[in-house]
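The next block holds one structure in the form of structure tokens; read it before the comments.
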Amino acid sequence: MRTKETGAPHPRRAVVFPARTGRKTLRAASMAVFALLGALPVFAQTDSTWFAIESTLTYHMSHPMHEVDGTSRGAKGKGICHGGECDFLIAVPVKTFDSGDTNRDLHMIEATRGAQFPLIELRAHFPQAETTQQWIHADLEVQFAGQTARYSQVPFERTQQGGEVRITGTIPLTCSDFKIDRPSFLTVPIKNEIPVRVDMAWQPM
């Protein structure tokens, strides 16, 4: 920590060290330094609550004949960091994904049982220490189409933008993870992989 220099200390306030420093004094000083260093991570991991202020979630669907992206900006999120751990919850309505084709979007809602299960819910758990690092590695639980899938140590990049924190990354979803019958085009089904790109801005409250 930098301190501002104010010149020589006033004689009455000067700290005088004995000419001969005993072992007990050195040991006490060393313990005080180690205690101070050990306390630093605690100040960096105070309890905090986060809210999503901007969100863009995009799924990618691949077929031998074409590629399709569907985007939603309707996700809401909240996170709580406490005791060295963080738990975040993100929810997005299935019907808010837009691929640019109304018929295709309606078919997607039908294939994913969106009428019965209208929300996609994502829960993320990761160490609180990573909230100050470039990369966050989160254990995810995704509830989608009436099924639950888990993914371990999914990397998300963290960037600071003023008072906001932007998180970007890709969740490796597949149709088989959620027992979704793959839609077909010209009798050929889409690929099993439907990765979802996450781009969200968060702000502590």
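Note on naming: chains are A, B, ... as they come in the structure tokens, residues start from 1 per chain, ligands start from 1 in the order shown.
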
Exercise. Could you name the residues that touch A:Gln134 at 8 Å or less, counting only C-alpha atoms, but leaving out those on the same chain fewer than 5 positions away, as a ChimeraX atom specification?
Worked result: /A:157-159

What would the file look like if the residues just selected were written as a PDB file, in the first residue's frame with C-alpha atoms?
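Written out: selection.pdb:
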```
ATOM      1  CA  GLU A 157     -14.041 -14.506 -19.380  1.00  0.00           C
ATOM      2  CA  ARG A 158     -14.435 -11.572 -17.007  1.00  0.00           C
ATOM      3  CA  THR A 159     -13.774  -7.976 -18.070  1.00  0.00           C
TER       4      THR A 159
END
```

Problem set entry | Long-range neighbours of A:Gln203 as a PyMOL selection string, 7 Å cut-off, only C-alpha atoms, 4 positions minimum in chain | chain A and resi 50-53+163-165

Using C-alpha atoms, can you write the selected residues to a file as a CSV table (one decimal), in the first residue's frame?
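Listing of part.csv after writing:
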```
chain,number,residue,atom,x,y,z
A,50,TRP,CA,-25.1,-8.9,-8.1
A,51,PHE,CA,-27.8,-8.2,-10.6
A,52,ALA,CA,-27.7,-8.7,-14.4
A,53,ILE,CA,-28.2,-5.3,-16.1
A,163,GLY,CA,-18.6,-0.2,-12.4
A,164,GLU,CA,-19.8,-3.1,-14.4
A,165,VAL,CA,-18.4,-6.6,-14.9
```

Those in stretch 26-138 of chain A with helix (DSSP H, G or I) from DSSP, as an mmCIF file with C-alpha atoms, in the first residue's frame:
```cif
data_model
loop_
_atom_site.group_PDB
_atom_site.id
_atom_site.type_symbol
_atom_site.label_atom_id
_atom_site.label_comp_id
_atom_site.auth_asym_id
_atom_site.auth_seq_id
_atom_site.Cartn_x
_atom_site.Cartn_y
_atom_site.Cartn_z
ATOM 1 C CA LEU A 26 11.561 -9.960 15.854
ATOM 2 C CA ARG A 27 9.213 -12.914 16.212
ATOM 3 C CA ALA A 28 6.321 -10.633 17.165
ATOM 4 C CA ALA A 29 7.015 -8.316 14.216
ATOM 5 C CA SER A 30 7.138 -11.276 11.798
ATOM 6 C CA MET A 31 3.865 -12.633 13.126
ATOM 7 C CA ALA A 32 2.212 -9.220 12.696
ATOM 8 C CA VAL A 33 3.348 -9.027 9.052
ATOM 9 C CA PHE A 34 2.110 -12.528 8.259
ATOM 10 C CA ALA A 35 -1.201 -11.768 9.969
ATOM 11 C CA LEU A 36 -1.627 -8.634 7.870
ATOM 12 C CA LEU A 37 -0.845 -10.473 4.614
ATOM 13 C CA GLY A 38 -3.170 -13.284 5.573
ATOM 14 C CA ALA A 39 -6.001 -10.814 6.137
ATOM 15 C CA LEU A 40 -5.764 -9.244 2.670
ATOM 16 C CA PRO A 41 -7.868 -11.890 0.843
ATOM 17 C CA VAL A 42 -10.636 -11.424 3.394
ATOM 18 C CA PHE A 43 -11.036 -7.761 2.440
ATOM 19 C CA ALA A 44 -11.121 -8.788 -1.250
ATOM 20 C CA VAL A 94 -37.802 -19.978 -24.183
ATOM 21 C CA LYS A 95 -40.121 -17.866 -26.330
ATOM 22 C CA THR A 96 -37.753 -14.860 -26.255
ATOM 23 C CA THR A 102 -41.193 -17.066 -36.946
ATOM 24 C CA ASN A 103 -42.077 -20.567 -38.119
ATOM 25 C CA ARG A 104 -38.677 -21.901 -37.090
ATOM 26 C CA ASP A 105 -38.980 -20.257 -33.670
ATOM 27 C CA LEU A 106 -42.413 -21.808 -33.120
ATOM 28 C CA HIS A 107 -41.021 -25.191 -34.116
ATOM 29 C CA MET A 108 -38.151 -24.705 -31.663
ATOM 30 C CA ILE A 109 -40.599 -23.982 -28.835
ATOM 31 C CA GLU A 110 -42.530 -27.123 -29.745
ATOM 32 C CA ALA A 111 -39.405 -29.308 -29.973
ATOM 33 C CA GLN A 128 -15.484 -15.991 -4.897
ATOM 34 C CA ALA A 129 -11.766 -15.379 -5.439
ATOM 35 C CA GLU A 130 -12.333 -15.676 -9.198
ATOM 36 C CA THR A 131 -14.549 -12.572 -9.225
ATOM 37 C CA THR A 132 -11.364 -10.510 -9.421
#
```

Problem set entry | Spatial neighbours of A:Leu119, max dist 7 Å, only C-alpha atoms, sep filter under 3 positions, as a PyMOL selection string | chain A and resi 91-94

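All residues of protein, DNA or RNA that reach within 10 Å of A:Gly79, judged by only C-alpha atoms and not counting those fewer than 4 positions away in the chain, are A:Ser48, A:Thr49, A:Trp50, A:Phe51, A:Ala52, A:Cys86, A:Asp87, A:Phe88, A:Leu89, A:Ile90, A:Arg123, A:Ala124, A:His125, A:Trp202, A:Gln203, A:Pro204.
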
For this session: Find the spatial neighbours of stretch 188-200 of chain A, counting only C-alpha atoms, within a cut-off of 6 Å - ignore same-chain residues fewer than 3 positions away - and output them as a ChimeraX atom specification.
Result: /A:54-63,166-175,182-185

Seminar exercise, completed: The residue from A:Asp139, A:Leu186, A:Asp47, A:Ile180 with the smallest atom-to-atom distance to A:Met65, counting only C-alpha atoms, is A:Leu186

Problem set entry | Two-atom distance - atom CA of A:Thr46, atom CA of A:Phe126 (Å) | 15.1 Å

Seminar exercise, completed: One decimal place gives the atom CA of A:Ile136-atom CA of A:Gln153 separation as 8.5 Å

Exercise. Just asking: which residues within stretch 96-164 of chain A are strand (DSSP E or B) according to DSSP, as an MDAnalysis selection string?
Worked result: chainID A and resid 98 119:127 135:144 147:161 164
